[in-house]
file upload.pdb (PDB, C-alpha atoms (C1' of nucleotides))
MODEL        1
ATOM      1  CA  MET A   1      -2.209  28.361  11.691
ATOM      2  CA  ARG A   2      -2.440  24.773  12.851
ATOM      3  CA  ILE A   3      -2.592  21.718  10.648
ATOM      4  CA  GLY A   4      -6.374  21.370  10.750
ATOM      5  CA  GLU A   5      -6.934  24.861   9.452
ATOM      6  CA  LEU A   6      -4.369  24.422   6.682
ATOM      7  CA  ALA A   7      -5.984  21.144   5.703
ATOM      8  CA  ASP A   8      -9.473  22.696   5.736
ATOM      9  CA  GLN A   9      -8.400  25.628   3.581
ATOM     10  CA  VAL A  10      -7.047  23.360   0.885
ATOM     11  CA  GLY A  11      -9.568  20.592   1.365
ATOM     12  CA  VAL A  12      -7.310  17.748   2.386
ATOM     13  CA  ASN A  13      -6.976  15.476   5.386
ATOM     14  CA  PRO A  14      -4.495  16.596   8.066
ATOM     15  CA  LYS A  15      -3.020  13.117   7.758
ATOM     16  CA  THR A  16      -2.229  13.873   4.150
ATOM     17  CA  VAL A  17      -0.343  17.009   5.119
ATOM     18  CA  ARG A  18       1.762  15.091   7.622
ATOM     19  CA  TYR A  19       2.322  12.431   5.006
ATOM     20  CA  TYR A  20       3.553  15.017   2.503
ATOM     21  CA  GLU A  21       5.952  16.333   5.094
ATOM     22  CA  GLY A  22       7.079  12.810   5.869
ATOM     23  CA  ILE A  23       8.038  12.061   2.278
ATOM     24  CA  GLY A  24       9.793  15.400   1.952
ATOM     25  CA  LEU A  25       7.241  16.949  -0.386
ATOM     26  CA  LEU A  26       6.441  19.763   2.035
ATOM     27  CA  PRO A  27       9.050  21.376   4.307
ATOM     28  CA  ALA A  28       8.788  20.793   8.035
ATOM     29  CA  PRO A  29       7.030  23.847   9.515
ATOM     30  CA  GLU A  30       7.825  25.703  12.701
ATOM     31  CA  ARG A  31       6.416  24.306  15.894
ATOM     32  CA  LEU A  32       4.451  26.069  18.623
ATOM     33  CA  ALA A  33       5.503  25.670  22.255
ATOM     34  CA  SER A  34       2.911  22.908  22.441
ATOM     35  CA  GLY A  35       4.640  20.974  19.682
ATOM     36  CA  TYR A  36       1.824  21.715  17.223
ATOM     37  CA  ARG A  37       2.847  22.434  13.645
ATOM     38  CA  ASP A  38       2.536  26.132  12.774
ATOM     39  CA  TYR A  39       1.821  26.972   9.137
ATOM     40  CA  THR A  40       1.917  30.206   7.163
ATOM     41  CA  ASP A  41      -0.032  31.435   4.151
ATOM     42  CA  ASP A  42       2.919  30.378   2.005
ATOM     43  CA  ASP A  43       2.289  26.837   3.117
ATOM     44  CA  VAL A  44      -1.312  27.136   1.994
ATOM     45  CA  GLU A  45      -0.106  28.190  -1.444
ATOM     46  CA  ARG A  46       2.426  25.408  -1.637
ATOM     47  CA  LEU A  47      -0.127  22.798  -0.646
ATOM     48  CA  ARG A  48      -2.624  24.200  -3.121
ATOM     49  CA  PHE A  49       0.025  23.983  -5.822
ATOM     50  CA  VAL A  50       0.610  20.353  -4.941
ATOM     51  CA  ARG A  51      -3.078  19.510  -5.207
ATOM     52  CA  THR A  52      -3.481  21.355  -8.493
ATOM     53  CA  ALA A  53      -0.498  19.625 -10.046
ATOM     54  CA  GLN A  54      -1.781  16.343  -8.722
ATOM     55  CA  ARG A  55      -5.189  16.952 -10.231
ATOM     56  CA  LEU A  56      -3.407  17.515 -13.539
ATOM     57  CA  GLY A  57      -2.080  13.994 -13.223
ATOM     58  CA  LEU A  58       1.429  14.556 -11.888
ATOM     59  CA  SER A  59       2.727  12.071  -9.378
ATOM     60  CA  LEU A  60       3.966  13.240  -6.016
ATOM     61  CA  SER A  61       7.543  12.528  -7.032
ATOM     62  CA  GLU A  62       7.137  14.630 -10.174
ATOM     63  CA  ILE A  63       5.687  17.444  -8.077
ATOM     64  CA  SER A  64       8.544  17.044  -5.662
ATOM     65  CA  GLU A  65      10.945  17.326  -8.590
ATOM     66  CA  ILE A  66       9.282  20.610  -9.614
ATOM     67  CA  LEU A  67       9.424  22.061  -6.118
ATOM     68  CA  THR A  68      13.083  21.091  -5.821
ATOM     69  CA  LEU A  69      13.970  22.677  -9.151
ATOM     70  CA  ARG A  70      12.180  25.780  -7.994
ATOM     71  CA  GLU A  71      14.074  25.849  -4.747
ATOM     72  CA  ARG A  72      17.346  25.678  -6.637
ATOM     73  CA  GLY A  73      16.202  28.731  -8.537
ATOM     74  CA  GLU A  74      15.703  26.933 -11.829
ATOM     75  CA  ARG A  75      12.561  27.375 -13.834
ATOM     76  CA  PRO A  76      10.815  24.025 -13.860
ATOM     77  CA  CYS A  77       8.578  24.748 -16.825
ATOM     78  CA  GLU A  78      10.566  22.703 -19.349
ATOM     79  CA  TYR A  79      10.309  19.735 -17.096
ATOM     80  CA  VAL A  80       6.647  20.414 -16.448
ATOM     81  CA  LEU A  81       5.968  20.613 -20.160
ATOM     82  CA  ALA A  82       7.608  17.251 -20.721
ATOM     83  CA  VAL A  83       5.655  15.704 -17.896
ATOM     84  CA  LEU A  84       2.413  17.173 -19.161
ATOM     85  CA  ASP A  85       3.068  15.875 -22.664
ATOM     86  CA  ARG A  86       3.589  12.445 -21.245
ATOM     87  CA  GLN A  87       0.403  12.855 -19.204
ATOM     88  CA  LEU A  88      -1.500  13.809 -22.312
ATOM     89  CA  ALA A  89      -0.334  10.797 -24.288
ATOM     90  CA  ASP A  90      -1.043   8.549 -21.329
ATOM     91  CA  LEU A  91      -4.472  10.015 -20.912
ATOM     92  CA  ASP A  92      -5.345   9.435 -24.550
ATOM     93  CA  ARG A  93      -4.261   5.851 -24.267
ATOM     94  CA  ARG A  94      -6.325   5.312 -21.135
ATOM     95  CA  VAL A  95      -9.372   6.993 -22.602
ATOM     96  CA  SER A  96      -9.371   4.798 -25.683
ATOM     97  CA  GLU A  97      -8.850   1.716 -23.535
ATOM     98  CA  MET A  98     -11.828   2.770 -21.501
ATOM     99  CA  ALA A  99     -13.952   3.381 -24.547
ATOM    100  CA  ALA A 100     -13.268  -0.170 -25.711
ATOM    101  CA  LEU A 101     -13.978  -1.502 -22.263
ATOM    102  CA  ARG A 102     -17.183   0.464 -22.101
ATOM    103  CA  GLN A 103     -18.388  -1.012 -25.368
ATOM    104  CA  GLU A 104     -17.565  -4.444 -24.073
ATOM    105  CA  LEU A 105     -19.572  -3.799 -20.929
ATOM    106  CA  VAL A 106     -22.535  -2.484 -22.880
ATOM    107  CA  ASP A 107     -22.495  -5.476 -25.198
ATOM    108  CA  LEU A 108     -22.262  -7.735 -22.210
ATOM    109  CA  ARG A 109     -25.177  -5.998 -20.539
ATOM    110  CA  ASP A 110     -27.274  -6.294 -23.668
ATOM    111  CA  ALA A 111     -26.406  -9.922 -24.090
ATOM    112  CA  ALA A 112     -27.412 -10.784 -20.543
ATOM    113  CA  ASP A 113     -30.992 -11.770 -21.351
ATOM    114  CA  ARG A 114     -30.216 -13.723 -24.459
ATOM    115  CA  LEU A 115     -27.586 -15.946 -22.923
ATOM    116  CA  PRO A 116     -28.287 -19.609 -22.322
ATOM    117  CA  SER A 117     -28.070 -21.004 -18.820
ATOM    118  CA  ASP A 118     -24.926 -23.020 -18.363
ATOM    119  CA  PRO A 119     -24.394 -24.349 -14.874
ATOM    120  CA  GLY A 120     -20.967 -25.627 -15.837
ATOM    121  CA  CYS A 121     -19.158 -22.344 -16.027
ATOM    122  CA  TYR A 122     -18.308 -19.715 -13.447
ATOM    123  CA  CYS A 123     -20.464 -17.106 -14.976
ATOM    124  CA  SER A 124     -21.821 -17.471 -18.462
ATOM    125  CA  LEU A 125     -22.110 -13.720 -18.728
ATOM    126  CA  ILE A 126     -18.409 -13.312 -18.462
ATOM    127  CA  GLU A 127     -17.250 -16.496 -20.083
ATOM    128  CA  HIS A 128     -19.561 -16.640 -23.061
ATOM    129  CA  ARG A 129     -18.430 -13.426 -24.587
ATOM    130  CA  ARG A 130     -16.978 -13.176 -28.014
TER     131      ARG A 130
ATOM    132  CA  MET B 131       1.470 -28.759 -14.483
ATOM    133  CA  ARG B 132       3.750 -26.527 -12.458
ATOM    134  CA  ILE B 133       3.211 -22.896 -11.616
ATOM    135  CA  GLY B 134       5.382 -21.537 -14.425
ATOM    136  CA  GLU B 135       3.450 -23.351 -17.097
ATOM    137  CA  LEU B 136       0.125 -22.257 -15.647
ATOM    138  CA  ALA B 137       1.355 -18.690 -15.505
ATOM    139  CA  ASP B 138       2.660 -18.837 -19.088
ATOM    140  CA  GLN B 139      -0.598 -20.231 -20.426
ATOM    141  CA  VAL B 140      -2.590 -17.378 -18.955
ATOM    142  CA  GLY B 141       0.079 -14.744 -19.353
ATOM    143  CA  VAL B 142       0.692 -13.806 -15.746
ATOM    144  CA  ASN B 143       3.654 -13.842 -13.403
ATOM    145  CA  PRO B 144       4.020 -16.934 -11.178
ATOM    146  CA  LYS B 145       4.204 -14.499  -8.283
ATOM    147  CA  THR B 146       0.738 -13.327  -9.133
ATOM    148  CA  VAL B 147      -0.582 -16.884  -8.996
ATOM    149  CA  ARG B 148       0.918 -17.407  -5.548
ATOM    150  CA  TYR B 149      -0.465 -14.054  -4.486
ATOM    151  CA  TYR B 150      -3.958 -15.059  -5.609
ATOM    152  CA  GLU B 151      -3.663 -18.246  -3.627
ATOM    153  CA  GLY B 152      -2.416 -16.290  -0.636
ATOM    154  CA  ILE B 153      -5.464 -14.011  -0.550
ATOM    155  CA  GLY B 154      -7.808 -16.955  -1.015
ATOM    156  CA  LEU B 155      -8.825 -16.094  -4.552
ATOM    157  CA  LEU B 156      -7.502 -19.355  -5.950
ATOM    158  CA  PRO B 157      -7.684 -22.656  -4.053
ATOM    159  CA  ALA B 158      -4.431 -24.186  -2.839
ATOM    160  CA  PRO B 159      -3.444 -26.815  -5.409
ATOM    161  CA  GLU B 160      -2.085 -30.300  -4.818
ATOM    162  CA  ARG B 161       1.623 -30.573  -4.258
ATOM    163  CA  LEU B 162       4.119 -32.866  -5.937
ATOM    164  CA  ALA B 163       6.536 -34.904  -3.838
ATOM    165  CA  SER B 164       9.026 -32.090  -4.386
ATOM    166  CA  GLY B 165       6.684 -29.575  -2.815
ATOM    167  CA  TYR B 166       5.989 -27.899  -6.153
ATOM    168  CA  ARG B 167       2.416 -26.787  -6.786
ATOM    169  CA  ASP B 168       0.597 -29.039  -9.232
ATOM    170  CA  TYR B 169      -2.125 -27.452 -11.326
ATOM    171  CA  THR B 170      -4.833 -28.893 -13.547
ATOM    172  CA  ASP B 171      -6.575 -27.569 -16.639
ATOM    173  CA  ASP B 172      -9.404 -26.461 -14.377
ATOM    174  CA  ASP B 173      -6.963 -24.152 -12.684
ATOM    175  CA  VAL B 174      -6.053 -22.668 -16.046
ATOM    176  CA  GLU B 175      -9.723 -21.931 -16.663
ATOM    177  CA  ARG B 176     -10.210 -20.463 -13.236
ATOM    178  CA  LEU B 177      -7.192 -18.214 -13.602
ATOM    179  CA  ARG B 178      -8.296 -17.158 -17.064
ATOM    180  CA  PHE B 179     -11.694 -16.297 -15.648
ATOM    181  CA  VAL B 180     -10.052 -14.161 -13.002
ATOM    182  CA  ARG B 181      -8.018 -12.247 -15.559
ATOM    183  CA  THR B 182     -10.990 -11.712 -17.861
ATOM    184  CA  ALA B 183     -13.155 -10.443 -15.034
ATOM    185  CA  GLN B 184     -10.318  -8.241 -13.914
ATOM    186  CA  ARG B 185      -9.915  -6.821 -17.376
ATOM    187  CA  LEU B 186     -13.613  -5.949 -17.248
ATOM    188  CA  GLY B 187     -12.854  -3.812 -14.246
ATOM    189  CA  LEU B 188     -13.855  -6.086 -11.376
ATOM    190  CA  SER B 189     -11.710  -5.961  -8.270
ATOM    191  CA  LEU B 190     -10.172  -9.124  -6.916
ATOM    192  CA  SER B 191     -12.597  -9.091  -4.003
ATOM    193  CA  GLU B 192     -15.538  -8.852  -6.368
ATOM    194  CA  ILE B 193     -14.146 -11.749  -8.373
ATOM    195  CA  SER B 194     -13.636 -13.663  -5.166
ATOM    196  CA  GLU B 195     -17.271 -12.974  -4.306
ATOM    197  CA  ILE B 196     -18.327 -14.432  -7.662
ATOM    198  CA  LEU B 197     -16.210 -17.548  -7.263
ATOM    199  CA  THR B 198     -17.566 -18.076  -3.764
ATOM    200  CA  LEU B 199     -21.170 -17.733  -4.903
ATOM    201  CA  ARG B 200     -20.395 -20.211  -7.626
ATOM    202  CA  GLU B 201     -18.914 -22.665  -5.169
ATOM    203  CA  ARG B 202     -22.060 -22.519  -3.047
ATOM    204  CA  GLY B 203     -23.980 -23.511  -6.157
ATOM    205  CA  GLU B 204     -25.635 -20.122  -6.614
ATOM    206  CA  ARG B 205     -25.669 -18.440  -9.985
ATOM    207  CA  PRO B 206     -23.626 -15.305  -9.597
ATOM    208  CA  CYS B 207     -24.973 -13.542 -12.647
ATOM    209  CA  GLU B 208     -27.295 -11.199 -10.767
ATOM    210  CA  TYR B 209     -24.391 -10.074  -8.705
ATOM    211  CA  VAL B 210     -22.186  -9.811 -11.764
ATOM    212  CA  LEU B 211     -24.786  -7.691 -13.528
ATOM    213  CA  ALA B 212     -24.956  -5.323 -10.580
ATOM    214  CA  VAL B 213     -21.187  -5.069 -10.458
ATOM    215  CA  LEU B 214     -20.966  -4.473 -14.189
ATOM    216  CA  ASP B 215     -23.601  -1.763 -14.012
ATOM    217  CA  ARG B 216     -21.600  -0.049 -11.333
ATOM    218  CA  GLN B 217     -18.493  -0.478 -13.456
ATOM    219  CA  LEU B 218     -20.218   1.110 -16.396
ATOM    220  CA  ALA B 219     -21.364   4.133 -14.428
ATOM    221  CA  ASP B 220     -17.930   4.448 -12.906
ATOM    222  CA  LEU B 221     -16.293   4.214 -16.278
ATOM    223  CA  ASP B 222     -18.482   6.955 -17.714
ATOM    224  CA  ARG B 223     -17.637   9.196 -14.820
ATOM    225  CA  ARG B 224     -13.927   8.564 -15.222
ATOM    226  CA  VAL B 225     -14.012   9.069 -18.970
ATOM    227  CA  SER B 226     -15.703  12.438 -18.669
ATOM    228  CA  GLU B 227     -13.289  13.459 -15.939
ATOM    229  CA  MET B 228     -10.464  12.530 -18.247
ATOM    230  CA  ALA B 229     -11.934  14.433 -21.147
ATOM    231  CA  ALA B 230     -12.061  17.570 -19.014
ATOM    232  CA  LEU B 231      -8.546  16.957 -17.800
ATOM    233  CA  ARG B 232      -7.358  16.420 -21.336
ATOM    234  CA  GLN B 233      -8.814  19.716 -22.439
ATOM    235  CA  GLU B 234      -7.123  21.392 -19.526
ATOM    236  CA  LEU B 235      -3.803  19.864 -20.505
ATOM    237  CA  VAL B 236      -4.184  20.887 -24.127
ATOM    238  CA  ASP B 237      -5.067  24.442 -23.154
ATOM    239  CA  LEU B 238      -2.123  24.496 -20.827
ATOM    240  CA  ARG B 239       0.168  23.242 -23.549
ATOM    241  CA  ASP B 240      -1.087  25.850 -25.972
ATOM    242  CA  ALA B 241      -0.723  28.587 -23.420
ATOM    243  CA  ALA B 242       2.875  27.682 -22.634
ATOM    244  CA  ASP B 243       4.436  30.093 -25.103
ATOM    245  CA  ARG B 244       2.193  33.006 -24.380
ATOM    246  CA  LEU B 245       2.697  33.019 -20.626
ATOM    247  CA  PRO B 246       4.728  35.757 -18.992
ATOM    248  CA  SER B 247       7.787  34.850 -16.969
ATOM    249  CA  ASP B 248       7.088  35.099 -13.282
ATOM    250  CA  PRO B 249       9.938  34.068 -11.042
ATOM    251  CA  GLY B 250       7.734  34.417  -7.983
ATOM    252  CA  CYS B 251       5.571  31.359  -8.454
ATOM    253  CA  TYR B 252       6.325  27.651  -8.404
ATOM    254  CA  CYS B 253       5.483  27.183 -12.031
ATOM    255  CA  SER B 254       3.594  29.809 -13.936
ATOM    256  CA  LEU B 255       2.356  27.164 -16.337
ATOM    257  CA  ILE B 256       0.481  25.444 -13.581
ATOM    258  CA  GLU B 257      -0.421  28.382 -11.426
ATOM    259  CA  HIS B 258      -1.473  30.895 -14.075
ATOM    260  CA  ARG B 259      -4.315  28.836 -15.420
ATOM    261  CA  ARG B 260      -7.852  30.003 -15.447
TER     262      ARG B 260
ATOM    263  C1'  DC C 261      29.041 -33.595 -11.220
ATOM    264  C1'  DA C 262      28.454 -28.884 -12.098
ATOM    265  C1'  DA C 263      25.682 -25.504 -13.973
ATOM    266  C1'  DC C 264      21.395 -23.538 -14.477
ATOM    267  C1'  DA C 265      16.393 -23.008 -14.648
ATOM    268  C1'  DG C 266      12.686 -23.264 -11.941
ATOM    269  C1'  DC C 267      10.495 -23.961  -7.658
ATOM    270  C1'  DT C 268       9.758 -22.945  -2.364
ATOM    271  C1'  DT C 269       8.970 -19.474   1.582
ATOM    272  C1'  DC C 270       9.794 -15.079   3.455
ATOM    273  C1'  DC C 271       9.848 -10.238   3.810
ATOM    274  C1'  DC C 272      10.011  -5.665   1.899
ATOM    275  C1'  DG C 273       8.703  -1.905  -1.271
ATOM    276  C1'  DC C 274       5.778   0.566  -4.536
ATOM    277  C1'  DC C 275       1.777   4.723  -4.452
ATOM    278  C1'  DG C 276      -1.072   7.830  -1.925
ATOM    279  C1'  DC C 277      -2.919   7.875   1.470
ATOM    280  C1'  DT C 278      -6.169   6.490   5.848
ATOM    281  C1'  DG C 279      -7.251   4.443  10.270
ATOM    282  C1'  DG C 280      -6.301   3.481  14.915
ATOM    283  C1'  DA C 281      -3.826   3.498  19.369
ATOM    284  C1'  DA C 282      -1.910   5.997  23.081
ATOM    285  C1'  DG C 283      -0.978  10.142  24.735
ATOM    286  C1'  DG C 284      -0.459  15.657  25.107
ATOM    287  C1'  DT C 285      -2.862  20.489  24.810
ATOM    288  C1'  DC C 286      -6.178  23.886  24.985
ATOM    289  C1'  DA C 287     -10.688  26.435  25.291
ATOM    290  C1'  DA C 288     -15.358  26.261  27.008
ATOM    291  C1'  DG C 289     -18.799  25.064  30.310
ATOM    292  C1'  DC C 290     -20.336  23.454  35.011
TER     293       DC C 290
ATOM    294  C1'  DG D 291     -11.086  23.471  39.805
ATOM    295  C1'  DC D 292     -12.433  19.767  36.863
ATOM    296  C1'  DT D 293     -14.293  17.547  33.129
ATOM    297  C1'  DT D 294     -15.435  17.223  28.474
ATOM    298  C1'  DG D 295     -14.347  17.422  23.866
ATOM    299  C1'  DA D 296     -11.839  18.909  19.924
ATOM    300  C1'  DC D 297      -7.658  19.095  18.333
ATOM    301  C1'  DC D 298      -2.886  17.872  18.147
ATOM    302  C1'  DT D 299       1.384  14.561  18.535
ATOM    303  C1'  DT D 300       3.926  10.052  17.229
ATOM    304  C1'  DC D 301       3.977   5.453  15.633
ATOM    305  C1'  DC D 302       2.398   1.364  13.395
ATOM    306  C1'  DA D 303      -0.265  -1.017  10.113
ATOM    307  C1'  DG D 304      -3.124  -1.757   6.128
ATOM    308  C1'  DC D 305      -5.508  -0.985   1.573
ATOM    309  C1'  DG D 306      -4.824  -3.238  -3.843
ATOM    310  C1'  DG D 307      -2.212  -5.763  -6.794
ATOM    311  C1'  DC D 308       1.414  -7.126  -7.291
ATOM    312  C1'  DG D 309       7.055  -7.353  -8.136
ATOM    313  C1'  DG D 310      11.877  -7.819  -6.426
ATOM    314  C1'  DG D 311      15.163 -10.236  -4.068
ATOM    315  C1'  DA D 312      17.206 -13.433  -0.575
ATOM    316  C1'  DA D 313      18.152 -18.054   0.806
ATOM    317  C1'  DG D 314      17.510 -22.493  -0.060
ATOM    318  C1'  DC D 315      15.384 -26.826  -2.717
ATOM    319  C1'  DT D 316      14.612 -29.752  -7.017
ATOM    320  C1'  DG D 317      15.258 -31.413 -11.414
ATOM    321  C1'  DT D 318      17.191 -31.489 -16.098
ATOM    322  C1'  DT D 319      21.072 -31.077 -19.136
ATOM    323  C1'  DG D 320      25.878 -31.146 -20.768
TER     324       DG D 320
ENDMDL
END

call {"tool": "encode", "arguments": {"input": "upload.pdb", "output": "structure tokens"}}
result
Amino acid sequence: MRIGELADQVGVNPKTVRYYEGIGLLPAPERLASGYRDYTDDDVERLRFVRTAQRLGLSLSEISEILTLRERGERPCEYVLAVLDRQLADLDRRVSEMAALRQELVDLRDAADRLPSDPGCYCSLIEHRR
Amino acid sequence: MRIGELADQVGVNPKTVRYYEGIGLLPAPERLASGYRDYTDDDVERLRFVRTAQRLGLSLSEISEILTLRERGERPCEYVLAVLDRQLADLDRRVSEMAALRQELVDLRDAADRLPSDPGCYCSLIEHRR
DNA sequence: CAACAGCTTCCCGCCGCTGGAAGGTCAAGC
DNA sequence: GCTTGACCTTCCAGCGGCGGGAAGCTGTTG
């Protein structure tokens, strides 16, 4: 299949597929006589794997690492577990940061009406917080 | 004061200050005879404002928008309120996405031991989820 | 007067794409 | 046969928000 069909099946932009190939994340596929890239069902699976791992928060280089391990015949799961643990900790940190930020935004929103006018500052809403 | 002192006072990298000037977010300061940038206390305030707004989730272009409005003598608060509302909605969306992701990661982690070995897939941990 | 910190400009790289330009290919319709 | 249009190719450049490093000043200290 050609790049557009592959991209459609997985729900990505053809540009993204070429990009993945460019950075060595996906192997270079066969080419048709026309020069068009020719993909197989295996490529669909590989690309799907990439997107799933990405959705789980892995970076492209981490995913690349996994695919490489796999190609060398090693089981990547230990590595994946470590990465996922790091993801989890990271996620918790980000979520609590966001919760604090959210509260700050809500307070700010609530305070909007009660704030005095002060033409001397950039924006009293932002500056006159406590 | 020179760029290093300004940067120290606000807690940013001097590079960042020059970058802000480069994209037009901060005005170009006076120069000393040596060519060094010469900042005032006003610049400290402006930079602090930028960082605070940024911490609240505003993009540099949104902050730029606010500073521009302010320079034209308009009160930017309406705009700021709209931006903050968008931020808040965005934040809620991201937090719930993260909560779902977190659950997925936890499930995945828990499932790690119970999964069968399957040398045919990239990583059974990632692929054999439901 | 030499060393060293700090400043200047410049350009490049990070991540994960996305857009656009300039051109080739292929199937359908007139 | 010829055009249109969708798709493909390569290459280059940019987004945001910086940070690193080179090559060269300036300015203070020992």

call {"tool": "atom_distance", "arguments": {"input": "upload.pdb", "atom1": "CA of Asp42 (chain A)", "atom2": "CA of Glu78 (chain A)"}}
result
23.9 Å

call {"tool": "interface_residues", "arguments": {"input": "upload.pdb", "of": "chain C", "to": "chain A", "cutoff": "8 Å", "atoms": "only C-alpha atoms (C1' of nucleotides)", "output": "list in words"}}
result
DC277, DT278 and DT285 of chain C

call {"tool": "residues_near_point", "arguments": {"input": "upload.pdb", "point": "(-0.3, 17.9, 16.2)", "cutoff": "10 Å", "atoms": "only C-alpha atoms (C1' of nucleotides)", "output": "PyMOL selection string"}}
result
(chain A and resi 2-4+14+18+31-32+34-38) or (chain C and resi 284-285) or (chain D and resi 297-300)

call {"tool": "resolve_selection", "arguments": {"input": "upload.pdb", "expression": "the PyMOL selection byres ((chain C and resi 263) around 9)", "output": "ChimeraX atom specification"}}
result
/C:262,264 /D:319-320

call {"tool": "write_last_selection", "arguments": {"input": "upload.pdb", "atoms": "C-alpha atoms (C1' of nucleotides)", "output": "PDB file, in the frame of the given file"}}
result
ATOM      1  C1'  DA C 262      28.454 -28.884 -12.098  1.00  0.00           C
ATOM      2  C1'  DC C 264      21.395 -23.538 -14.477  1.00  0.00           C
TER       3       DC C 264
ATOM      4  C1'  DT D 319      21.072 -31.077 -19.136  1.00  0.00           C
ATOM      5  C1'  DG D 320      25.878 -31.146 -20.768  1.00  0.00           C
TER       6       DG D 320
END

call {"tool": "residues_around", "arguments": {"input": "upload.pdb", "residues": "Ala229 (chain B)", "least_positions_apart": "5", "cutoff": "12 Å", "atoms": "all atoms listed in the file", "output": "ChimeraX atom specification"}}
result
/A:56,88,91-96,98-99 /B:222-224,234-236
